[in-house]
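Shown next: input-v4.cif, containing mmCIF, C-alpha atoms.
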data_work
loop_
_atom_site.group_PDB
_atom_site.id
_atom_site.type_symbol
_atom_site.label_atom_id
_atom_site.label_comp_id
_atom_site.auth_asym_id
_atom_site.auth_seq_id
_atom_site.Cartn_x
_atom_site.Cartn_y
_atom_site.Cartn_z
ATOM 1 C CA GLN A 1 0.000 0.000 0.000
ATOM 2 C CA LEU A 2 2.861 2.366 0.821
ATOM 3 C CA LEU A 3 4.538 1.640 -2.499
ATOM 4 C CA ARG A 4 1.268 2.196 -4.337
ATOM 5 C CA ASN A 5 0.678 5.496 -2.528
ATOM 6 C CA GLU A 6 4.171 6.647 -3.426
ATOM 7 C CA ALA A 7 3.600 5.723 -7.066
ATOM 8 C CA TYR A 8 0.399 7.769 -7.082
ATOM 9 C CA ARG A 9 2.223 10.666 -5.404
ATOM 10 C CA ARG A 10 4.849 10.699 -8.156
ATOM 11 C CA LEU A 11 2.300 10.463 -10.943
ATOM 12 C CA ASN A 12 0.189 13.249 -9.430
ATOM 13 C CA ALA A 13 3.135 15.487 -8.461
ATOM 14 C CA LEU A 14 2.435 18.112 -11.124
ATOM 15 C CA SER A 15 -1.367 18.120 -10.941
ATOM 16 C CA PRO A 16 -3.447 20.904 -9.331
ATOM 17 C CA LEU A 17 -5.576 18.413 -7.386
ATOM 18 C CA SER A 18 -6.164 20.733 -4.429
ATOM 19 C CA LEU A 19 -7.304 23.720 -6.507
ATOM 20 C CA SER A 20 -10.605 22.464 -7.918
ATOM 21 C CA THR A 21 -13.696 21.512 -5.928
ATOM 22 C CA PHE A 22 -17.429 21.460 -6.570
ATOM 23 C CA ASP A 23 -17.826 24.335 -4.101
ATOM 24 C CA ASN A 24 -15.699 26.721 -6.168
ATOM 25 C CA PHE A 25 -17.232 25.804 -9.521
ATOM 26 C CA SER A 26 -19.396 28.770 -10.562
ATOM 27 C CA LEU A 27 -22.246 28.685 -13.069
ATOM 28 C CA GLU A 28 -22.446 32.482 -13.328
ATOM 29 C CA TYR A 29 -20.041 32.599 -16.283
ATOM 30 C CA TYR A 30 -22.310 30.484 -18.494
ATOM 31 C CA ASP A 31 -24.908 32.263 -20.627
ATOM 32 C CA THR A 32 -28.602 31.854 -19.890
ATOM 33 C CA ALA A 33 -29.500 32.411 -23.563
ATOM 34 C CA PRO A 34 -29.389 29.377 -25.882
ATOM 35 C CA LEU A 35 -26.634 29.323 -28.507
ATOM 36 C CA ARG A 36 -29.239 28.362 -31.109
ATOM 37 C CA GLU A 37 -33.006 28.343 -31.242
ATOM 38 C CA GLY A 38 -34.625 25.421 -29.502
ATOM 39 C CA ALA A 39 -31.436 24.321 -27.739
ATOM 40 C CA ALA A 40 -30.695 24.321 -24.013
ATOM 41 C CA SER A 41 -28.765 27.319 -22.728
ATOM 42 C CA PRO A 42 -25.113 26.803 -21.717
ATOM 43 C CA ARG A 43 -26.052 27.454 -18.084
ATOM 44 C CA ARG A 44 -28.813 24.843 -18.131
ATOM 45 C CA ARG A 45 -26.496 22.316 -19.781
ATOM 46 C CA MET A 46 -23.775 23.033 -17.237
ATOM 47 C CA GLU A 47 -26.228 22.790 -14.324
ATOM 48 C CA ASP A 48 -27.077 19.296 -15.545
ATOM 49 C CA ILE A 49 -23.404 18.359 -15.991
ATOM 50 C CA LEU A 50 -22.454 19.738 -12.571
ATOM 51 C CA GLY A 51 -25.257 17.766 -10.947
ATOM 52 C CA TYR A 52 -24.233 14.583 -12.769
ATOM 53 C CA CYS A 53 -20.578 14.986 -11.719
ATOM 54 C CA GLN A 54 -21.559 15.628 -8.092
ATOM 55 C CA ARG A 55 -23.679 12.481 -8.009
ATOM 56 C CA TYR A 56 -20.893 10.548 -9.747
ATOM 57 C CA ALA A 57 -18.408 11.700 -7.089
ATOM 58 C CA GLN A 58 -20.739 10.973 -4.179
ATOM 59 C CA SER A 59 -21.368 7.411 -5.314
ATOM 60 C CA PHE A 60 -17.945 6.743 -6.848
ATOM 61 C CA SER A 61 -16.714 3.168 -6.791
ATOM 62 C CA PRO A 62 -14.392 1.072 -8.963
ATOM 63 C CA ALA A 63 -17.552 0.029 -10.836
ATOM 64 C CA SER A 64 -18.490 3.615 -11.809
ATOM 65 C CA PRO A 65 -18.874 4.354 -15.534
ATOM 66 C CA ASN A 66 -16.240 5.952 -17.741
ATOM 67 C CA LEU A 67 -16.747 9.626 -18.584
ATOM 68 C CA LEU A 68 -15.825 11.644 -21.668
ATOM 69 C CA LEU A 69 -15.843 15.377 -20.913
ATOM 70 C CA GLN A 70 -15.967 17.052 -24.298
ATOM 71 C CA GLY A 71 -16.041 20.696 -25.359
ATOM 72 C CA ALA A 72 -14.058 23.823 -26.180
ATOM 73 C CA THR A 73 -11.205 25.228 -24.098
ATOM 74 C CA GLY A 74 -12.003 26.922 -20.820
ATOM 75 C CA LEU A 75 -15.418 25.416 -20.073
ATOM 76 C CA GLY A 76 -14.577 23.648 -16.807
ATOM 77 C CA LYS A 77 -13.728 20.130 -17.938
ATOM 78 C CA THR A 78 -10.507 19.975 -15.938
ATOM 79 C CA HIS A 79 -12.113 21.644 -12.920
ATOM 80 C CA LEU A 80 -14.915 19.085 -12.663
ATOM 81 C CA SER A 81 -12.647 16.105 -13.307
ATOM 82 C CA LEU A 82 -10.365 17.279 -10.482
ATOM 83 C CA ALA A 83 -13.355 17.807 -8.191
ATOM 84 C CA ILE A 84 -14.313 14.171 -8.817
ATOM 85 C CA ALA A 85 -10.701 13.131 -8.169
ATOM 86 C CA ASN A 86 -10.654 14.924 -4.821
ATOM 87 C CA ALA A 87 -13.893 13.257 -3.756
ATOM 88 C CA ALA A 88 -12.591 9.824 -4.760
ATOM 89 C CA ILE A 89 -9.323 10.397 -2.889
ATOM 90 C CA GLU A 90 -11.242 11.398 0.248
ATOM 91 C CA LYS A 91 -13.057 8.066 0.001
ATOM 92 C CA GLY A 92 -9.682 6.305 0.026
ATOM 93 C CA PHE A 93 -9.474 5.338 -3.644
ATOM 94 C CA GLY A 94 -6.250 5.412 -5.641
ATOM 95 C CA VAL A 95 -6.484 8.165 -8.250
ATOM 96 C CA VAL A 96 -4.045 9.113 -10.998
ATOM 97 C CA TYR A 97 -4.520 12.434 -12.757
ATOM 98 C CA GLY A 98 -2.374 13.918 -15.498
ATOM 99 C CA SER A 99 -2.364 15.651 -18.822
ATOM 100 C CA THR A 100 -2.196 13.084 -21.598
ATOM 101 C CA GLN A 101 0.960 14.760 -22.866
ATOM 102 C CA ASN A 102 2.780 14.368 -19.526
ATOM 103 C CA ILE A 103 1.621 10.784 -19.066
ATOM 104 C CA VAL A 104 2.657 9.756 -22.583
ATOM 105 C CA SER A 105 6.028 11.474 -22.107
ATOM 106 C CA LYS A 106 6.611 9.570 -18.868
ATOM 107 C CA LEU A 107 5.666 6.256 -20.467
ATOM 108 C CA GLU A 108 7.975 6.954 -23.402
ATOM 109 C CA LYS A 109 10.926 7.721 -21.125
ATOM 110 C CA GLU A 110 10.376 4.542 -19.150
ATOM 111 C CA ARG A 111 9.899 2.423 -22.279
ATOM 112 C CA PHE A 112 13.107 3.669 -23.897
ATOM 113 C CA GLY A 113 15.235 3.737 -20.757
ATOM 114 C CA ARG A 114 15.310 7.459 -20.041
ATOM 115 C CA GLY A 115 13.276 7.349 -16.817
ATOM 116 C CA ALA A 116 14.685 8.651 -13.541
ATOM 117 C CA GLU A 117 13.846 5.445 -11.645
ATOM 118 C CA GLU A 118 14.776 2.064 -12.978
ATOM 119 C CA ASP A 119 11.986 0.365 -11.028
ATOM 120 C CA GLU A 120 9.155 2.669 -12.113
ATOM 121 C CA ASP A 121 6.282 1.073 -13.983
ATOM 122 C CA SER A 122 3.806 3.859 -14.610
ATOM 123 C CA GLU A 123 1.906 1.830 -17.191
ATOM 124 C CA ALA A 124 0.964 -0.775 -14.591
ATOM 125 C CA HIS A 125 -0.231 1.904 -12.155
ATOM 126 C CA LEU A 126 -2.210 3.676 -14.884
ATOM 127 C CA ILE A 127 -4.035 0.450 -15.676
ATOM 128 C CA SER A 128 -4.555 -0.732 -12.076
ATOM 129 C CA CYS A 129 -5.508 2.492 -10.247
ATOM 130 C CA ASP A 130 -9.101 2.884 -9.072
ATOM 131 C CA LEU A 131 -9.650 6.019 -11.183
ATOM 132 C CA LEU A 132 -7.561 7.377 -14.047
ATOM 133 C CA ILE A 133 -8.085 10.909 -15.338
ATOM 134 C CA LEU A 134 -6.557 11.734 -18.729
ATOM 135 C CA ASP A 135 -6.742 15.492 -19.205
ATOM 136 C CA ASP A 136 -6.494 17.278 -22.563
ATOM 137 C CA LEU A 137 -6.541 14.202 -24.762
ATOM 138 C CA GLY A 138 -5.439 15.213 -28.239
ATOM 139 C CA THR A 139 -2.958 17.932 -27.234
ATOM 140 C CA GLU A 140 -0.026 15.534 -26.967
ATOM 141 C CA PHE A 141 2.520 15.273 -29.788
ATOM 142 C CA THR A 142 1.130 12.454 -31.911
ATOM 143 C CA THR A 143 3.447 9.571 -32.739
ATOM 144 C CA SER A 144 2.883 5.884 -33.336
ATOM 145 C CA PHE A 145 4.043 5.287 -29.741
ATOM 146 C CA SER A 146 1.700 7.884 -28.197
ATOM 147 C CA THR A 147 -1.322 6.642 -30.149
ATOM 148 C CA ALA A 148 -0.647 3.033 -29.188
ATOM 149 C CA ALA A 149 0.060 3.939 -25.541
ATOM 150 C CA VAL A 150 -3.188 5.875 -25.151
ATOM 151 C CA TYR A 151 -5.264 3.162 -26.826
ATOM 152 C CA ASN A 152 -3.639 0.393 -24.778
ATOM 153 C CA CYS A 153 -4.245 2.251 -21.518
ATOM 154 C CA ILE A 154 -7.885 3.032 -22.285
ATOM 155 C CA ASN A 155 -8.638 -0.416 -23.703
ATOM 156 C CA SER A 156 -6.923 -2.246 -20.824
ATOM 157 C CA ARG A 157 -8.986 -0.320 -18.292
ATOM 158 C CA ILE A 158 -12.195 -1.058 -20.202
ATOM 159 C CA MET A 159 -11.315 -4.766 -20.206
ATOM 160 C CA ALA A 160 -10.516 -4.618 -16.481
ATOM 161 C CA GLY A 161 -13.737 -2.735 -15.692
ATOM 162 C CA ARG A 162 -11.942 0.203 -14.077
ATOM 163 C CA PRO A 163 -13.302 3.738 -14.593
ATOM 164 C CA THR A 164 -11.486 6.396 -16.603
ATOM 165 C CA ILE A 165 -12.340 10.059 -17.092
ATOM 166 C CA ILE A 166 -11.123 11.706 -20.303
ATOM 167 C CA SER A 167 -11.319 15.406 -21.089
ATOM 168 C CA THR A 168 -10.764 16.670 -24.620
ATOM 169 C CA ASN A 169 -11.334 19.678 -26.848
ATOM 170 C CA LEU A 170 -11.739 17.391 -29.865
ATOM 171 C CA SER A 171 -14.973 16.272 -31.501
ATOM 172 C CA MET A 172 -15.599 12.587 -32.167
ATOM 173 C CA ARG A 173 -14.623 13.114 -35.802
ATOM 174 C CA GLU A 174 -11.368 14.801 -34.750
ATOM 175 C CA LEU A 175 -10.642 12.005 -32.282
ATOM 176 C CA GLU A 176 -11.098 9.463 -35.058
ATOM 177 C CA LYS A 177 -8.707 11.410 -37.275
ATOM 178 C CA SER A 178 -6.075 11.725 -34.520
ATOM 179 C CA TYR A 179 -6.345 8.144 -33.291
ATOM 180 C CA SER A 180 -8.464 5.624 -35.186
ATOM 181 C CA GLU A 181 -11.974 4.438 -35.896
ATOM 182 C CA ARG A 182 -11.365 1.547 -33.499
ATOM 183 C CA PHE A 183 -10.383 3.985 -30.755
ATOM 184 C CA VAL A 184 -13.549 6.073 -31.180
ATOM 185 C CA SER A 185 -15.667 2.923 -31.299
ATOM 186 C CA ARG A 186 -14.339 1.890 -27.877
ATOM 187 C CA ILE A 187 -15.071 5.348 -26.483
ATOM 188 C CA MET A 188 -18.602 5.490 -27.878
ATOM 189 C CA GLY A 189 -19.405 2.004 -26.643
ATOM 190 C CA HIS A 190 -18.037 2.349 -23.122
ATOM 191 C CA TYR A 191 -18.136 6.031 -22.088
ATOM 192 C CA VAL A 192 -20.820 8.444 -20.925
ATOM 193 C CA ARG A 193 -20.402 11.640 -22.980
ATOM 194 C CA LEU A 194 -20.831 15.000 -21.263
ATOM 195 C CA GLU A 195 -20.759 17.791 -23.854
ATOM 196 C CA PHE A 196 -19.834 21.158 -22.333
ATOM 197 C CA LEU A 197 -21.308 24.381 -23.736
ATOM 198 C CA GLY A 198 -20.457 28.066 -23.401
ATOM 199 C CA ARG A 199 -17.754 30.633 -23.906
ATOM 200 C CA ASP A 200 -14.269 30.430 -22.390
ATOM 201 C CA VAL A 201 -14.794 30.912 -18.649
ATOM 202 C CA ARG A 202 -11.203 31.965 -18.031
ATOM 203 C CA GLN A 203 -11.524 34.812 -20.521
ATOM 204 C CA ARG A 204 -14.875 35.881 -19.049
ATOM 205 C CA ARG A 205 -13.367 36.020 -15.559
ATOM 206 C CA ARG A 206 -10.792 38.460 -16.921
ATOM 207 C CA GLY A 207 -13.568 40.535 -18.467
ATOM 208 C CA TRP A 208 -12.660 39.687 -22.088
#
When written as structure tokens, how does the structure in this file appear?
Amino acid sequence: QLLRNEAYRRLNALSPLSLSTFDNFSLEYYDTAPLREGAASPRRRMEDILGYCQRYAQSFSPASPNLLLQGATGLGKTHLSLAIANAAIEKGFGVVYGSTQNIVSKLEKERFGRGAEEDEDSEAHLISCDLLILDDLGTEFTTSFSTAAVYNCINSRIMAGRPTIISTNLSMRELEKSYSERFVSRIMGHYVRLEFLGRDVRQRRRGW
């Protein structure tokens, strides 16, 4: 258990886990007017997503469903995924959070012998942890290794029945182009999609 906790500590060392909670997620930056006629307003959509994520966190277990948080930059995907992570950690579950780029880079260094620790096996921890959160899928530098590493991680966790949360700015079509039709098929068949709406919250906070 101590070794596992230390592995999680190393993998989470660069993540802002303590900065994002449900309590400091504000809906005031989301418009009340629909983006198109007949559609739900961004605020209504985000109220629904916030409620879903809160219920997901409250009842989290290793049997919880996979989530795909999808939408443009600055809409709160990372914030809500970290809020779920914090709740899961408080329940005593092993959580690994990281940007896909950082995780792929770490796996590549270990695979090709450039890791800092000879005994590290991040891939095993990524597959076996109670909850894995892959942030910003699609922003990593795409290579044959990165594509295979991401697919293997996601597919292995699906096969093992362990929940994963993915956030991405890419549409399903863009995901298929960046990865593969097989990859998108796995996501569509095994993930609950939460599509975020609105304008960049970070810019609105600055008054842009």
Å distance separating atom CA of Gly113 of chain A from atom CA of Ile133 of chain A, one decimal place: 25.0 Å
Residues near Leu194 of chain A, cut-off 7 Å, all atoms listed in the file, skip fewer than 2 positions along chain, as number ranges by chain: A: 49, 68-70, 192, 196
Residue members of the PyMOL selection byres ((chain A and resi 161) around 10) in the file shown, as a PyMOL selection string: chain A and resi 62-66+130+155-160+162-164+190
Deliver the residues from the most recent selection as a file, using C-alpha atoms, as a PDB file, in the frame of the given file.
ATOM      1  CA  PRO A  62     -14.392   1.072  -8.963  1.00  0.00           C
ATOM      2  CA  ALA A  63     -17.552   0.029 -10.836  1.00  0.00           C
ATOM      3  CA  SER A  64     -18.490   3.615 -11.809  1.00  0.00           C
ATOM      4  CA  PRO A  65     -18.874   4.354 -15.534  1.00  0.00           C
ATOM      5  CA  ASN A  66     -16.240   5.952 -17.741  1.00  0.00           C
ATOM      6  CA  ASP A 130      -9.101   2.884  -9.072  1.00  0.00           C
ATOM      7  CA  ASN A 155      -8.638  -0.416 -23.703  1.00  0.00           C
ATOM      8  CA  SER A 156      -6.923  -2.246 -20.824  1.00  0.00           C
ATOM      9  CA  ARG A 157      -8.986  -0.320 -18.292  1.00  0.00           C
ATOM     10  CA  ILE A 158     -12.195  -1.058 -20.202  1.00  0.00           C
ATOM     11  CA  MET A 159     -11.315  -4.766 -20.206  1.00  0.00           C
ATOM     12  CA  ALA A 160     -10.516  -4.618 -16.481  1.00  0.00           C
ATOM     13  CA  ARG A 162     -11.942   0.203 -14.077  1.00  0.00           C
ATOM     14  CA  PRO A 163     -13.302   3.738 -14.593  1.00  0.00           C
ATOM     15  CA  THR A 164     -11.486   6.396 -16.603  1.00  0.00           C
ATOM     16  CA  HIS A 190     -18.037   2.349 -23.122  1.00  0.00           C
TER      17      HIS A 190
END
Pick from A:Val96, A:Val104, A:Ala72, A:Leu82 nearest to Cys53 of chain A, counting all atoms listed in the file: A:Leu82
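For the structure shown here, the set of residues caught by the PyMOL selection byres ((chain A and resi 183) around 10) is Thr147, Ala148, Val150, Tyr151, Asn152, Ile154, Asn155, Leu175, Glu176, Ser178, Tyr179, Ser180, Glu181, Arg182, Val184, Ser185, Arg186, Ile187 and Met188 of chain A.
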Test item: residues at most 10 Å from Thr73 of chain A, all atoms listed in the file, excluding those fewer than 4 positions along its chain, as a list in words: Lys77, Thr78, Asp136, Thr168, Asn169, Leu170, Phe196, Gly198, Arg199, Asp200, Val201 and Arg202 of chain A
One-decimal distance in Å that lies between atom CA of Ala33 of chain A and atom CA of Ser81 of chain A: 25.6 Å
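Of note, atom CA of Ala57 of chain A and atom CA of Ala88 of chain A are spaced 6.5 Å apart.
Residue selection for this entry, given the PyMOL selection byres ((chain A and resi 101) around 8), comprises Ser99, Thr100, Asn102, Ile103, Val104, Ser105, Asp136, Leu137, Thr139, Glu140 and Phe141 of chain A.
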Near-Arg55 of chain A list (12 Å; only C-alpha atoms; drop same-chain fewer than 4 positions) as a PyMOL selection string: chain A and resi 22+48-51+59-61+64+80+83-84+87-88
